Every structure is written in structure tokens, then in C-alpha cells.
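Source file: input_35.csv; contents: CSV, C-alpha atoms.
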chain,number,residue,atom,x,y,z
A,1,MET,CA,-89.0,22.9,13.0
A,2,THR,CA,-86.1,23.9,15.2
A,3,THR,CA,-82.9,24.8,13.4
A,4,PRO,CA,-80.6,21.8,13.3
A,5,SER,CA,-77.0,22.6,14.5
A,6,THR,CA,-74.2,22.6,12.1
A,7,ASP,CA,-72.9,19.5,13.8
A,8,THR,CA,-76.1,17.7,12.9
A,9,ILE,CA,-75.8,18.9,9.3
A,10,TRP,CA,-72.2,17.6,9.1
A,11,GLY,CA,-73.6,14.2,10.4
A,12,TRP,CA,-76.2,14.2,7.7
A,13,LEU,CA,-73.7,15.0,5.0
A,14,ASP,CA,-71.5,12.2,6.3
A,15,GLN,CA,-74.3,9.9,5.2
A,16,VAL,CA,-74.3,11.1,1.6
A,17,PRO,CA,-72.2,8.7,-0.5
A,18,ASP,CA,-69.7,9.9,-3.1
A,19,PRO,CA,-71.5,9.1,-6.4
A,20,GLU,CA,-68.4,7.5,-8.0
A,21,ILE,CA,-67.0,5.7,-4.9
A,22,PRO,CA,-70.1,5.0,-2.8
A,23,VAL,CA,-68.2,3.4,0.1
A,24,ILE,CA,-67.0,6.8,1.3
A,25,SER,CA,-69.1,9.9,2.1
A,26,LEU,CA,-68.7,13.4,0.8
A,27,VAL,CA,-67.4,14.3,4.3
A,28,ASP,CA,-64.8,11.5,4.1
A,29,LEU,CA,-63.7,12.8,0.8
A,30,GLY,CA,-63.0,16.2,2.3
A,31,ILE,CA,-64.8,18.3,-0.2
A,32,ILE,CA,-67.3,19.9,2.2
A,33,ARG,CA,-65.4,22.9,3.3
A,34,ASP,CA,-67.9,24.7,5.4
A,35,VAL,CA,-71.4,24.5,6.8
A,36,GLU,CA,-73.0,27.6,8.3
A,37,TRP,CA,-76.3,29.3,9.0
A,38,VAL,CA,-76.6,32.8,7.6
A,39,LYS,CA,-79.2,35.4,8.4
A,40,THR,CA,-81.4,36.5,5.5
A,41,ASP,CA,-84.5,38.5,5.2
A,42,ALA,CA,-86.5,35.4,4.8
A,43,GLY,CA,-85.0,33.8,7.9
A,44,ASP,CA,-82.0,31.6,8.6
A,45,ALA,CA,-80.5,30.0,5.4
A,46,LEU,CA,-78.0,27.1,5.3
A,47,LYS,CA,-74.8,27.8,3.3
A,48,ILE,CA,-72.7,24.8,2.2
A,49,THR,CA,-69.3,25.4,0.7
A,50,VAL,CA,-68.0,22.7,-1.6
A,51,THR,CA,-64.7,22.3,-3.4
A,52,PRO,CA,-64.2,20.2,-6.5
A,53,THR,CA,-61.7,17.3,-6.5
A,54,TYR,CA,-60.7,17.8,-10.1
A,55,SER,CA,-61.7,20.7,-12.3
A,56,GLY,CA,-63.4,18.5,-14.8
A,57,CYS,CA,-64.8,15.8,-12.5
A,58,PRO,CA,-68.2,14.9,-14.0
A,59,ALA,CA,-69.4,13.9,-10.5
A,60,THR,CA,-69.3,17.5,-9.3
A,61,ARG,CA,-72.8,18.3,-10.5
A,62,ILE,CA,-74.2,15.1,-9.2
A,63,ILE,CA,-72.6,15.8,-5.8
A,64,ASN,CA,-74.3,19.2,-5.6
A,65,GLN,CA,-77.6,17.6,-6.5
A,66,ASP,CA,-77.1,14.8,-3.9
A,67,ILE,CA,-76.3,17.4,-1.1
A,68,GLU,CA,-79.4,19.4,-2.0
A,69,THR,CA,-81.7,16.3,-2.1
A,70,ALA,CA,-80.3,15.0,1.2
A,71,LEU,CA,-80.8,18.3,3.0
A,72,ARG,CA,-84.2,19.0,1.5
A,73,GLU,CA,-85.5,15.6,2.5
A,74,ARG,CA,-84.6,16.5,6.1
A,75,GLY,CA,-86.6,19.6,5.9
A,76,ILE,CA,-84.0,22.3,5.1
A,77,LYS,CA,-85.9,24.8,3.0
A,78,ARG,CA,-83.5,27.7,2.5
A,79,LEU,CA,-80.2,26.3,1.1
A,80,SER,CA,-77.4,27.6,-1.0
A,81,LEU,CA,-74.3,25.8,-2.3
A,82,HIS,CA,-71.1,27.7,-3.0
A,83,GLN,CA,-68.1,26.5,-4.9
A,84,GLN,CA,-64.7,27.4,-3.5
A,85,LEU,CA,-61.5,26.7,-5.4
A,86,SER,CA,-58.9,27.8,-2.9
A,87,PRO,CA,-57.3,26.2,-0.9
A,88,ALA,CA,-57.4,23.6,-3.7
A,89,TRP,CA,-58.6,20.1,-2.6
A,90,THR,CA,-55.9,17.7,-1.5
A,91,THR,CA,-56.0,14.1,-0.6
A,92,ASP,CA,-54.7,15.1,2.8
A,93,TRP,CA,-58.3,16.0,3.5
A,94,LEU,CA,-59.5,12.4,3.0
A,95,SER,CA,-60.6,11.2,6.5
A,96,GLU,CA,-58.8,8.3,8.2
A,97,LYS,CA,-62.2,6.5,8.3
A,98,GLY,CA,-62.5,7.2,4.5
A,99,ALA,CA,-59.0,5.8,3.8
A,100,ALA,CA,-59.7,2.6,5.7
A,101,LYS,CA,-63.0,2.2,3.9
A,102,LEU,CA,-61.3,2.7,0.5
A,103,GLU,CA,-58.8,0.0,1.3
A,104,LYS,CA,-61.4,-2.5,2.4
A,105,PHE,CA,-63.3,-1.8,-0.8
A,106,GLY,CA,-60.2,-2.6,-2.8
A,107,ILE,CA,-58.9,0.9,-3.6
A,108,ALA,CA,-55.4,1.7,-2.3
A,109,PRO,CA,-55.7,4.9,-0.3
A,110,PRO,CA,-53.4,7.9,-1.2
A,111,SER,CA,-50.0,7.8,0.3
A,112,PRO,CA,-47.5,10.6,0.7
A,113,LYS,CA,-44.9,8.4,-1.1
A,114,GLY,CA,-46.9,9.0,-4.3
A,115,GLN,CA,-47.6,5.3,-4.8
A,116,PRO,CA,-49.7,2.7,-2.9
A,117,ASP,CA,-48.3,1.3,0.3
A,118,ARG,CA,-49.5,-2.2,-0.3
A,119,CYS,CA,-51.9,-4.2,-2.4
A,120,PRO,CA,-55.5,-3.7,-1.0
A,121,ASN,CA,-56.3,-7.3,-1.9
A,122,CYS,CA,-53.3,-9.4,-0.5
A,123,GLY,CA,-51.2,-6.8,1.3
A,124,GLY,CA,-48.3,-7.5,-1.1
A,125,HIS,CA,-45.5,-4.9,-1.6
A,126,ASP,CA,-44.3,-5.9,-5.1
A,127,LEU,CA,-46.4,-3.5,-7.1
A,128,GLU,CA,-46.3,-1.9,-10.6
A,129,LYS,CA,-48.1,1.0,-12.2
A,130,THR,CA,-50.2,0.2,-15.2
A,131,SER,CA,-51.4,3.7,-16.0
A,132,GLN,CA,-51.3,7.1,-14.3
A,133,PHE,CA,-55.0,7.5,-14.9
A,134,GLY,CA,-57.9,5.2,-14.0
A,135,SER,CA,-61.7,4.9,-14.2
A,136,THR,CA,-62.2,8.3,-12.5
A,137,PRO,CA,-60.1,11.4,-12.4
A,138,CYS,CA,-59.0,10.7,-8.8
A,139,LYS,CA,-57.5,7.2,-9.4
A,140,ALA,CA,-54.6,5.5,-11.2
A,141,LEU,CA,-54.3,1.9,-12.2
A,142,TRP,CA,-51.8,-0.4,-10.5
A,143,ARG,CA,-51.2,-4.2,-10.3
A,144,CYS,CA,-49.9,-6.4,-7.6
A,145,LYS,CA,-47.2,-8.8,-8.8
A,146,SER,CA,-47.8,-11.2,-5.8
A,147,CYS,CA,-51.5,-11.9,-6.3
A,148,LEU,CA,-51.5,-10.6,-9.9
A,149,GLU,CA,-54.7,-8.6,-9.2
A,150,PRO,CA,-55.1,-5.2,-10.8
A,151,PHE,CA,-56.4,-2.5,-8.4
A,152,ASP,CA,-57.2,1.2,-8.3
A,153,TYR,CA,-55.0,3.6,-6.4
A,154,PHE,CA,-56.4,6.9,-5.1
A,155,LYS,CA,-53.9,9.4,-6.5
A,156,CYS,CA,-52.2,11.7,-4.0
A,157,ILE,CA,-52.6,15.4,-4.9
B,1,MET,CA,-57.0,49.6,-23.7
B,2,GLN,CA,-59.3,49.4,-20.7
B,3,ASP,CA,-58.1,47.2,-17.9
B,4,GLN,CA,-61.3,45.1,-18.0
B,5,ASP,CA,-61.0,44.6,-21.8
B,6,ALA,CA,-57.4,43.4,-21.4
B,7,LEU,CA,-58.3,41.1,-18.5
B,8,PHE,CA,-61.1,39.6,-20.7
B,9,GLN,CA,-58.7,39.0,-23.5
B,10,PHE,CA,-56.2,37.4,-21.2
B,11,LEU,CA,-58.8,35.1,-19.8
B,12,LEU,CA,-60.0,34.1,-23.3
B,13,ARG,CA,-56.4,33.2,-24.1
B,14,MET,CA,-56.1,31.0,-21.1
B,15,GLY,CA,-59.5,29.4,-21.5
B,16,ASP,CA,-59.3,29.0,-25.3
B,17,ASN,CA,-56.0,27.2,-25.0
B,18,THR,CA,-57.4,24.6,-22.6
B,19,LEU,CA,-60.7,24.4,-24.5
B,20,VAL,CA,-59.2,23.7,-27.9
B,21,LEU,CA,-56.5,21.4,-26.6
B,22,GLY,CA,-59.1,19.6,-24.4
B,23,HIS,CA,-61.3,19.0,-27.4
B,24,ARG,CA,-58.4,17.9,-29.6
B,25,VAL,CA,-57.3,15.4,-26.9
B,26,SER,CA,-60.9,14.1,-26.5
B,27,GLU,CA,-60.9,13.2,-30.1
B,28,TRP,CA,-58.8,10.2,-29.1
B,29,CYS,CA,-61.6,8.8,-26.9
B,30,GLY,CA,-62.3,5.3,-28.0
B,31,VAL,CA,-59.6,5.1,-30.6
B,32,SER,CA,-56.3,5.2,-28.7
B,33,PRO,CA,-53.7,2.5,-29.2
B,34,VAL,CA,-54.4,0.8,-25.8
B,35,LEU,CA,-57.1,1.1,-23.2
B,36,GLU,CA,-54.9,2.6,-20.5
B,37,GLU,CA,-53.8,5.4,-22.9
B,38,ASP,CA,-57.4,6.0,-24.0
B,39,ILE,CA,-58.4,6.5,-20.3
B,40,ALA,CA,-55.4,8.7,-19.7
B,41,LEU,CA,-56.1,10.9,-22.6
B,42,ALA,CA,-59.8,11.2,-21.8
B,43,ASN,CA,-58.9,12.2,-18.2
B,44,THR,CA,-56.4,14.8,-19.4
B,45,ALA,CA,-59.0,16.2,-21.7
B,46,LEU,CA,-61.5,16.3,-18.9
B,47,ASP,CA,-59.2,18.2,-16.6
B,48,MET,CA,-58.6,20.8,-19.4
B,49,ILE,CA,-62.3,21.2,-20.1
B,50,GLY,CA,-62.8,21.7,-16.4
B,51,GLN,CA,-60.2,24.4,-16.3
B,52,THR,CA,-61.8,25.9,-19.3
B,53,GLN,CA,-65.1,26.3,-17.4
B,54,PHE,CA,-63.2,28.3,-14.7
B,55,TRP,CA,-61.3,30.5,-17.2
B,56,LEU,CA,-64.2,31.2,-19.6
B,57,GLY,CA,-66.6,31.4,-16.7
B,58,LEU,CA,-64.5,34.2,-15.2
B,59,ALA,CA,-64.1,35.8,-18.7
B,60,GLY,CA,-67.9,36.0,-19.1
B,61,GLU,CA,-68.1,37.5,-15.6
B,62,VAL,CA,-65.4,40.1,-16.4
B,63,GLU,CA,-67.0,41.0,-19.7
B,64,GLY,CA,-70.3,41.7,-17.9
B,65,LYS,CA,-72.6,40.9,-20.8
B,66,GLY,CA,-74.1,37.9,-19.3
B,67,ARG,CA,-72.2,35.4,-21.4
B,68,THR,CA,-71.6,32.0,-19.7
B,69,ALA,CA,-68.6,29.7,-20.3
B,70,ASP,CA,-70.8,27.6,-22.6
B,71,ASP,CA,-71.8,30.7,-24.6
B,72,LEU,CA,-68.2,31.6,-25.1
B,73,ALA,CA,-67.2,28.0,-26.0
B,74,PHE,CA,-70.1,27.2,-28.4
B,75,LEU,CA,-71.3,30.5,-29.8
B,76,ARG,CA,-68.1,32.2,-31.1
B,77,ASP,CA,-66.6,31.7,-34.5
B,78,VAL,CA,-63.0,31.1,-35.4
B,79,TRP,CA,-61.9,34.7,-35.5
B,80,ASP,CA,-63.0,35.3,-31.9
B,81,PHE,CA,-60.8,32.4,-30.5
B,82,ARG,CA,-57.6,33.5,-28.7
B,83,ASN,CA,-55.8,30.1,-28.4
B,84,VAL,CA,-52.2,29.6,-29.7
B,85,LEU,CA,-51.9,27.8,-33.0
B,86,LEU,CA,-50.1,24.9,-31.4
B,87,VAL,CA,-53.2,23.6,-29.7
B,88,GLU,CA,-55.5,23.7,-32.7
B,89,LEU,CA,-53.3,21.6,-35.0
B,90,PRO,CA,-54.7,18.1,-35.8
B,91,ASN,CA,-53.6,15.3,-33.5
B,92,GLY,CA,-51.5,13.4,-36.0
B,93,ASP,CA,-50.3,10.1,-34.6
B,94,PHE,CA,-50.2,9.2,-30.9
B,95,GLY,CA,-46.6,10.4,-30.5
B,96,GLN,CA,-47.4,13.7,-32.1
B,97,THR,CA,-50.4,14.2,-29.7
B,98,LEU,CA,-48.2,13.5,-26.7
B,99,MET,CA,-45.4,15.7,-28.0
B,100,ARG,CA,-47.8,18.6,-28.3
B,101,GLN,CA,-49.2,17.8,-24.9
B,102,PHE,CA,-45.7,17.9,-23.4
B,103,LEU,CA,-44.8,21.2,-25.2
B,104,PHE,CA,-48.0,22.7,-23.8
B,105,ASP,CA,-47.9,21.2,-20.3
B,106,ALA,CA,-44.4,22.5,-19.8
B,107,TRP,CA,-45.6,26.0,-20.6
B,108,ALA,CA,-48.7,25.6,-18.5
B,109,SER,CA,-46.9,24.4,-15.5
B,110,ILE,CA,-44.6,27.5,-15.5
B,111,MET,CA,-47.3,29.9,-16.3
B,112,LEU,CA,-49.7,28.7,-13.7
B,113,GLY,CA,-46.9,28.8,-11.1
B,114,HIS,CA,-46.7,32.5,-11.7
B,115,LEU,CA,-50.4,33.0,-11.8
B,116,MET,CA,-50.8,31.6,-8.3
B,117,THR,CA,-49.4,34.9,-7.0
B,118,SER,CA,-51.7,37.0,-9.2
B,119,THR,CA,-53.1,40.1,-7.6
B,120,ASP,CA,-56.5,39.0,-8.9
B,121,LYS,CA,-57.6,36.4,-6.4
B,122,ARG,CA,-60.0,34.8,-8.9
B,123,VAL,CA,-57.1,34.2,-11.3
B,124,ALA,CA,-54.8,33.0,-8.4
B,125,ASP,CA,-57.5,30.5,-7.2
B,126,ILE,CA,-58.0,29.0,-10.7
B,127,ALA,CA,-54.2,28.7,-11.1
B,128,GLU,CA,-53.8,27.0,-7.7
B,129,LYS,CA,-56.4,24.4,-8.7
B,130,ALA,CA,-55.2,23.9,-12.3
B,131,SER,CA,-51.5,23.7,-11.4
B,132,LYS,CA,-52.0,20.6,-9.4
B,133,GLU,CA,-53.6,18.8,-12.4
B,134,VAL,CA,-51.0,20.2,-14.8
B,135,ALA,CA,-48.2,18.9,-12.6
B,136,TYR,CA,-49.6,15.5,-13.1
B,137,HIS,CA,-50.1,16.0,-16.8
B,138,VAL,CA,-46.5,17.1,-17.4
B,139,GLU,CA,-45.2,14.2,-15.4
B,140,ARG,CA,-47.1,11.9,-17.7
B,141,SER,CA,-46.5,13.6,-21.0
B,142,ALA,CA,-42.8,14.1,-20.3
B,143,GLY,CA,-42.5,10.4,-19.3
B,144,THR,CA,-44.2,9.3,-22.5
B,145,VAL,CA,-42.0,11.6,-24.6
B,146,VAL,CA,-38.9,10.0,-23.0
B,147,GLY,CA,-40.3,6.5,-23.4
B,148,LEU,CA,-41.1,6.9,-27.1
B,149,GLY,CA,-38.1,9.2,-28.0
B,150,ASP,CA,-35.7,6.8,-26.3
B,151,GLY,CA,-37.6,3.8,-27.6
B,152,THR,CA,-37.4,1.8,-30.8
B,153,PRO,CA,-35.8,3.4,-34.0
B,154,GLU,CA,-39.4,3.8,-35.3
B,155,SER,CA,-40.8,5.5,-32.2
B,156,HIS,CA,-37.7,7.7,-32.0
B,157,ALA,CA,-38.1,8.8,-35.7
B,158,LYS,CA,-41.8,9.6,-35.1
B,159,MET,CA,-41.1,11.7,-32.0
B,160,GLN,CA,-38.3,13.6,-33.7
B,161,ALA,CA,-40.6,14.2,-36.7
B,162,ALA,CA,-43.3,15.4,-34.2
B,163,LEU,CA,-40.9,17.8,-32.5
B,164,ASP,CA,-39.7,19.2,-35.9
B,165,LEU,CA,-43.3,19.8,-36.9
B,166,LEU,CA,-44.5,21.3,-33.6
B,167,TYR,CA,-41.5,23.3,-32.4
B,168,PRO,CA,-42.1,26.1,-34.9
B,169,TYR,CA,-45.4,26.8,-33.0
B,170,VAL,CA,-43.9,27.0,-29.5
B,171,GLY,CA,-42.7,30.6,-29.8
B,172,GLU,CA,-46.2,32.0,-29.9
B,173,LEU,CA,-46.6,31.0,-26.2
B,174,PHE,CA,-44.0,33.6,-25.4
B,175,GLU,CA,-45.2,36.5,-27.5
B,176,SER,CA,-46.1,39.7,-25.7
B,177,ASP,CA,-48.5,42.5,-26.7
B,178,ASP,CA,-50.4,45.3,-25.1
B,179,VAL,CA,-52.8,42.9,-23.4
B,180,ASP,CA,-49.8,41.3,-21.7
B,181,ALA,CA,-48.4,44.7,-20.8
B,182,ALA,CA,-51.7,45.6,-19.1
B,183,MET,CA,-51.6,42.3,-17.2
B,184,VAL,CA,-48.0,42.9,-16.1
B,185,SER,CA,-48.7,46.4,-14.9
B,186,ALA,CA,-51.8,45.3,-13.0
B,187,GLY,CA,-49.8,42.4,-11.4
B,188,ILE,CA,-52.3,39.9,-12.8
B,189,ALA,CA,-50.0,37.9,-15.0
B,190,PRO,CA,-46.3,37.7,-15.9
B,191,ASP,CA,-44.9,38.8,-19.2
B,192,PRO,CA,-45.0,35.6,-21.4
B,193,ALA,CA,-41.5,36.4,-22.8
B,194,SER,CA,-40.0,36.3,-19.3
B,195,LEU,CA,-41.0,32.6,-19.0
B,196,ARG,CA,-38.9,31.4,-22.0
B,197,ASP,CA,-35.7,30.6,-20.2
B,198,ALA,CA,-37.4,28.4,-17.6
B,199,TYR,CA,-39.3,26.7,-20.4
B,200,ASP,CA,-36.2,26.1,-22.5
B,201,ALA,CA,-34.4,24.6,-19.5
B,202,LEU,CA,-37.4,22.3,-18.8
B,203,ILE,CA,-37.9,21.0,-22.3
B,204,GLU,CA,-34.2,20.7,-23.0
B,205,ARG,CA,-33.8,18.4,-20.0
B,206,VAL,CA,-36.6,16.1,-21.0
B,207,LEU,CA,-35.9,16.1,-24.8
B,208,THR,CA,-32.2,15.3,-24.1
B,209,GLU,CA,-33.3,12.4,-22.0
B,210,ALA,CA,-35.6,11.4,-24.9
B,211,THR,CA,-32.5,11.5,-27.2
B,212,LEU,CA,-34.3,14.1,-29.3
B,213,THR,CA,-32.8,17.2,-30.9
B,214,VAL,CA,-34.4,20.6,-30.4
B,215,PRO,CA,-34.6,22.4,-33.8
B,216,ALA,CA,-32.1,25.3,-33.9
B,217,SER,CA,-34.5,27.9,-35.4
B,218,LYS,CA,-36.6,30.0,-33.1
B,219,PHE,CA,-38.9,31.0,-36.0
B,220,THR,CA,-42.5,30.8,-34.9
B,221,HIS,CA,-45.9,30.7,-36.5
B,222,LYS,CA,-48.3,33.0,-34.7
B,223,GLY,CA,-51.6,34.8,-34.9
B,224,GLY,CA,-53.9,32.7,-32.8
B,225,ARG,CA,-53.6,34.4,-29.4
B,226,THR,CA,-54.1,37.8,-30.9
B,227,GLY,CA,-56.9,36.6,-33.2
B,228,TYR,CA,-55.0,37.9,-36.3
B,229,MET,CA,-55.1,34.6,-38.1
B,230,HIS,CA,-55.8,31.0,-37.1
B,231,THR,CA,-54.9,27.9,-39.1
B,232,GLU,CA,-57.5,26.3,-41.4
B,233,HIS,CA,-57.8,23.5,-38.9
B,234,LEU,CA,-59.7,25.4,-36.1
B,235,GLY,CA,-62.8,26.0,-38.3
B,236,HIS,CA,-63.0,22.3,-39.1
B,237,MET,CA,-62.7,21.5,-35.4
B,238,LEU,CA,-65.4,23.9,-34.4
B,239,THR,CA,-67.9,22.3,-36.9
B,240,GLN,CA,-67.6,19.2,-34.7
B,241,MET,CA,-67.4,20.9,-31.3
B,242,GLN,CA,-70.2,23.4,-31.8
B,243,TRP,CA,-72.5,21.4,-34.1
B,244,LEU,CA,-75.1,20.5,-31.5
B,245,GLN,CA,-75.6,24.1,-30.1
B,246,ARG,CA,-75.7,25.5,-33.6
B,247,ALA,CA,-78.2,22.9,-35.0
B,248,TYR,CA,-80.4,22.9,-31.9
B,249,PRO,CA,-79.9,26.3,-30.3
B,250,GLY,CA,-80.3,26.2,-26.5
B,251,ALA,CA,-80.4,22.4,-26.4
B,252,THR,CA,-79.9,21.1,-22.8
B,253,TRP,CA,-80.0,17.7,-21.2
Representation of the structure as C-alpha cells:
Amino acid sequence: MTTPSTDTIWGWLDQVPDPEIPVISLVDLGIIRDVEWVKTDAGDALKITVTPTYSGCPATRIINQDIETALRERGIKRLSLHQQLSPAWTTDWLSEKGAAKLEKFGIAPPSPKGQPDRCPNCGGHDLEKTSQFGSTPCKALWRCKSCLEPFDYFKCI
Amino acid sequence: MQDQDALFQFLLRMGDNTLVLGHRVSEWCGVSPVLEEDIALANTALDMIGQTQFWLGLAGEVEGKGRTADDLAFLRDVWDFRNVLLVELPNGDFGQTLMRQFLFDAWASIMLGHLMTSTDKRVADIAEKASKEVAYHVERSAGTVVGLGDGTPESHAKMQAALDLLYPYVGELFESDDVDAAMVSAGIAPDPASLRDAYDALIERVLTEATLTVPASKFTHKGGRTGYMHTEHLGHMLTQMQWLQRAYPGATW
């Protein structure tokens, strides 16, 4: 097979869903830091650099498996995954497309204000925090006092 | 002391603090007062266990005997742990757990801030990652300490009792020995004693807002971070934490 370009690989990775929040892709989440072909004795090998969202996020291992599975299914034979801690992941790396998908799904996207801009269900602005932590390490629990619906907020870090 | 030995000891101290406290906090999983707090405690514990994987993973790498983070966590006995005594104490009630978390988070936030400029890039990278999580932890634990301290007469009394019980363990975080001296001269980590003023200012501000009184005595229990002597509680904790690997060596899933 001809060697696929790194742009093509990025496109493939953009189709791999986040295991915890499947409406966004790993690329949307901003955790894929680099894709490059490196020369080895056995031929060109693909090197993917990934950074964790939170140190203890249990999805990290699944994410690595999903990347590997997706690329092997497309015929990539020589593949290595590298973890990179610095620069530390920030929600600034979440794509605009990802933020829009989150909100449509009912999760308020991160906001520089440190709290959700509006209720993802009704758009209301009268909001209150229920808990600083939510169902995954990257989310907090909020409630809208207009429509009374609870919702997840993607924490800004 | 060889530099690599000192670095190994330093990394054990960092990793054992987060491991032991992470395990302690995880003991609340499923039995917290309300669901939101249960989730919050579990998430905090998860962050600390994640940080442990980085610290102990690097410790194993520096030691160079092929030991992994899991080996160090599950296959050492009490006398080889290098955590401060504060983190191994039993949880007590919810307020006591949050008071301990605050006293630890305040130290961690200051320590990690310094480690971000470590001359050892591996240490600086872990600190950069962990400090973001700890900033969030200290915001929550400080907020809860204020909420409960400046709460009802009962919650206030419980938080003052927790502070009186735990404060005599705080000083160990600022003890210095030849491991620390080696870290300072290599530019890897700050002298713990040099962090005390910033720490006192931080906890004083929060505890005053919480209407709590900081005990006057600076006496401190110590012995955990040097391995001289742990409390009786750590061994009991390890019987739970290490049970599976000891009963079924090498078990995986």
C-alpha cells in the first residue's frame, strides 16, 4: 500500500469517538498532539503522540486501544503511541466543532469564565453549580433554574 | 548519598503521598453523605492515583531495577513507604477527610508550583500536569472547609476538632533532610522548609474565613517521609490495598 499522508491519518483519527463522550472525536478533544512518519530499519513507522486529559482518567487506556484498532484496520502495520505530559492538556485545545457538538448533545462546553455560558437545553442564563465534579473527570454538575434541568458542564482547565 | 538514590527517594515521597491519600479518599466511594460528594471524592482520588502512576513510574525508571509503578505500589511493605503521616491517618468523618484534603492540597499546590521549574524535565512535566488538577482540588477542599467551618454549630465544632487533630501532622511536610539537600543542589526541588511561609499564609486566609482557630503549637509528628516510623494505620490500609496482588501474585485483567 502507499503510505497515507499525515493529513489522511488526522482525518481517520477524527473519526475515532471519545469513549466517554462519543459525540466528539479524539481530534476534537485536542489530545492528539502529533502524527508523524519516522524512518526505522523495518521501514516507515507511524508515531502518534497523545496527551492525557486528566492524570487518572480511566479512558486513557481505552483511547490508546481505540487509536491502535482504528489505524490497524486501515492497514497501518508499524505503529507506536507516545504519551506526552507537557504542555499539559487544556480545554483551549477542544475544537470549535467539538464544542458545538457537545452543546448539541446537552453538555455545556468549557468557557473561559470558568462556568457555563448558558443552559445547553433551553439557553437560560440563571444557572447554579450542583457539584464541582461530574460523571467523568472532565465534567462538573450544573442545573438550570429556568427549565430546572440538570446538565453536565465540561470543566475549563 | 548518590544523586540517583536521592532522586529515587524524592520521587517515592511524592508518589507515596498521592498513592496513600488517593487510596484513603477512595474509601469513601459508595458511602459518602450525598451522591455529589461521593462523585467528587472519587474523582479527586482518581486524579491522585493518576499522579501516582507518573511519580512512581518515574521512580522505577530512575531506580533502574525494572520495577513498575504497580510493583512499587503493591509489592512494598510499610517500612518502605515514604509518605507523610498526615495522609495515612484514617478518614474519620466527612469533615475530617475534607480538612486533611485541604491541608494536603494547600501544600501540594505550592510544592507543584515550584517543581514546574525543576531542572529535571520529567519532574517539571509531571508537576505541570498535576498542578492543574490540584488547583481544582484546593478550590473545592478550601470551599468545603469554609462551608462547614462557618456552618452550623455542629459542623463548626467538628471542623475545629478535625483541625486540632490533624494540625500536629502538618509540620512533617516542611521537614528537610539530606535527600532534600541533594534535590536543592541539583535544582530539582525546593527546600520544603522554604515553603512554610507561603503555606501558613494560604491556610490562615482560608481557616480565618472558616471561623476556625489554627492551633498555636508547631509541634509535629513525623517519621513517614524518612521511613523512620509510620503510624499503625498504614499497615492496616495496605492489607486492603495490596490484598489482591499478594493473594494472587501477578494477577491482571
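Candidate residues A:Leu85, A:Ala108, A:Leu71, A:Ala140 were compared for distance to chain B, and the nearest is A:Leu85, using only C-alpha atoms.
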*Return the single residue from A:Ser55, A:Thr91, A:Ser111, A:Ser146 that is closest to chain B, with distances computed using all atoms listed in the file.*
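Looking at the shortest contact to chain B, the residue is A:Ser55.
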*Just need the residues of chain B within 6 Å of chain A, counting all atoms listed in the file, so spit them out as a ChimeraX atom specification.*
/B:36,40,43,46-47,50-51,125,129
*Would you mind telling me which residue in B:Ala157, B:Leu115, B:Leu103, B:Ala162 lies nearest to Val138 of chain B when using only C-alpha atoms?*
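When distances to Val138 of chain B are compared using only C-alpha atoms, the smallest one comes from B:Leu103.
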*Compute the distance from (-44.2, 8.6, -20.2) to each atom, counting all atoms listed in the file, keep the residues with any atom at most 12 Å away, and return them as a PyMOL selection string; use the coordinates of the file.*
(chain A and resi 129-132) or (chain B and resi 37+40+95+98-99+101-102+136-151+206+209-210)
Because the input lacks atoms here, generate N, CA and C atoms for segment 24-37 of chain A and report them as a PDB file, in the coordinates of the input.
ATOM      1  N   ILE A  24     -67.392   5.669   0.426  1.00  0.00           N
ATOM      2  CA  ILE A  24     -67.000   6.800   1.300  1.00  0.00           C
ATOM      3  C   ILE A  24     -68.052   7.915   1.134  1.00  0.00           C
ATOM      4  N   SER A  25     -68.130   8.757   2.171  1.00  0.00           N
ATOM      5  CA  SER A  25     -69.100   9.900   2.100  1.00  0.00           C
ATOM      6  C   SER A  25     -68.428  11.117   1.611  1.00  0.00           C
ATOM      7  N   LEU A  26     -69.250  12.103   1.306  1.00  0.00           N
ATOM      8  CA  LEU A  26     -68.700  13.400   0.800  1.00  0.00           C
ATOM      9  C   LEU A  26     -67.835  14.032   1.913  1.00  0.00           C
ATOM     10  N   VAL A  27     -68.198  13.787   3.194  1.00  0.00           N
ATOM     11  CA  VAL A  27     -67.400  14.300   4.300  1.00  0.00           C
ATOM     12  C   VAL A  27     -66.039  13.610   4.343  1.00  0.00           C
ATOM     13  N   ASP A  28     -66.069  12.270   4.171  1.00  0.00           N
ATOM     14  CA  ASP A  28     -64.800  11.500   4.100  1.00  0.00           C
ATOM     15  C   ASP A  28     -63.887  12.028   3.048  1.00  0.00           C
ATOM     16  N   LEU A  29     -64.476  12.363   1.913  1.00  0.00           N
ATOM     17  CA  LEU A  29     -63.700  12.800   0.800  1.00  0.00           C
ATOM     18  C   LEU A  29     -63.023  14.174   1.013  1.00  0.00           C
ATOM     19  N   GLY A  30     -63.570  14.915   1.968  1.00  0.00           N
ATOM     20  CA  GLY A  30     -63.000  16.200   2.300  1.00  0.00           C
ATOM     21  C   GLY A  30     -63.346  17.350   1.424  1.00  0.00           C
ATOM     22  N   ILE A  31     -64.445  17.196   0.686  1.00  0.00           N
ATOM     23  CA  ILE A  31     -64.800  18.300  -0.200  1.00  0.00           C
ATOM     24  C   ILE A  31     -65.833  19.245   0.341  1.00  0.00           C
ATOM     25  N   ILE A  32     -66.422  18.890   1.490  1.00  0.00           N
ATOM     26  CA  ILE A  32     -67.300  19.900   2.200  1.00  0.00           C
ATOM     27  C   ILE A  32     -66.402  20.752   3.007  1.00  0.00           C
ATOM     28  N   ARG A  33     -66.314  22.005   2.652  1.00  0.00           N
ATOM     29  CA  ARG A  33     -65.400  22.900   3.300  1.00  0.00           C
ATOM     30  C   ARG A  33     -65.995  23.695   4.450  1.00  0.00           C
ATOM     31  N   ASP A  34     -67.290  23.948   4.364  1.00  0.00           N
ATOM     32  CA  ASP A  34     -67.900  24.700   5.400  1.00  0.00           C
ATOM     33  C   ASP A  34     -69.413  24.528   5.430  1.00  0.00           C
ATOM     34  N   VAL A  35     -69.965  24.572   6.630  1.00  0.00           N
ATOM     35  CA  VAL A  35     -71.400  24.500   6.800  1.00  0.00           C
ATOM     36  C   VAL A  35     -71.764  25.638   7.761  1.00  0.00           C
ATOM     37  N   GLU A  36     -72.597  26.554   7.329  1.00  0.00           N
ATOM     38  CA  GLU A  36     -73.000  27.600   8.300  1.00  0.00           C
ATOM     39  C   GLU A  36     -74.382  28.146   8.000  1.00  0.00           C
ATOM     40  N   TRP A  37     -74.959  28.654   9.085  1.00  0.00           N
ATOM     41  CA  TRP A  37     -76.300  29.300   9.000  1.00  0.00           C
ATOM     42  C   TRP A  37     -76.040  30.787   8.781  1.00  0.00           C
TER      43      TRP A  37
END
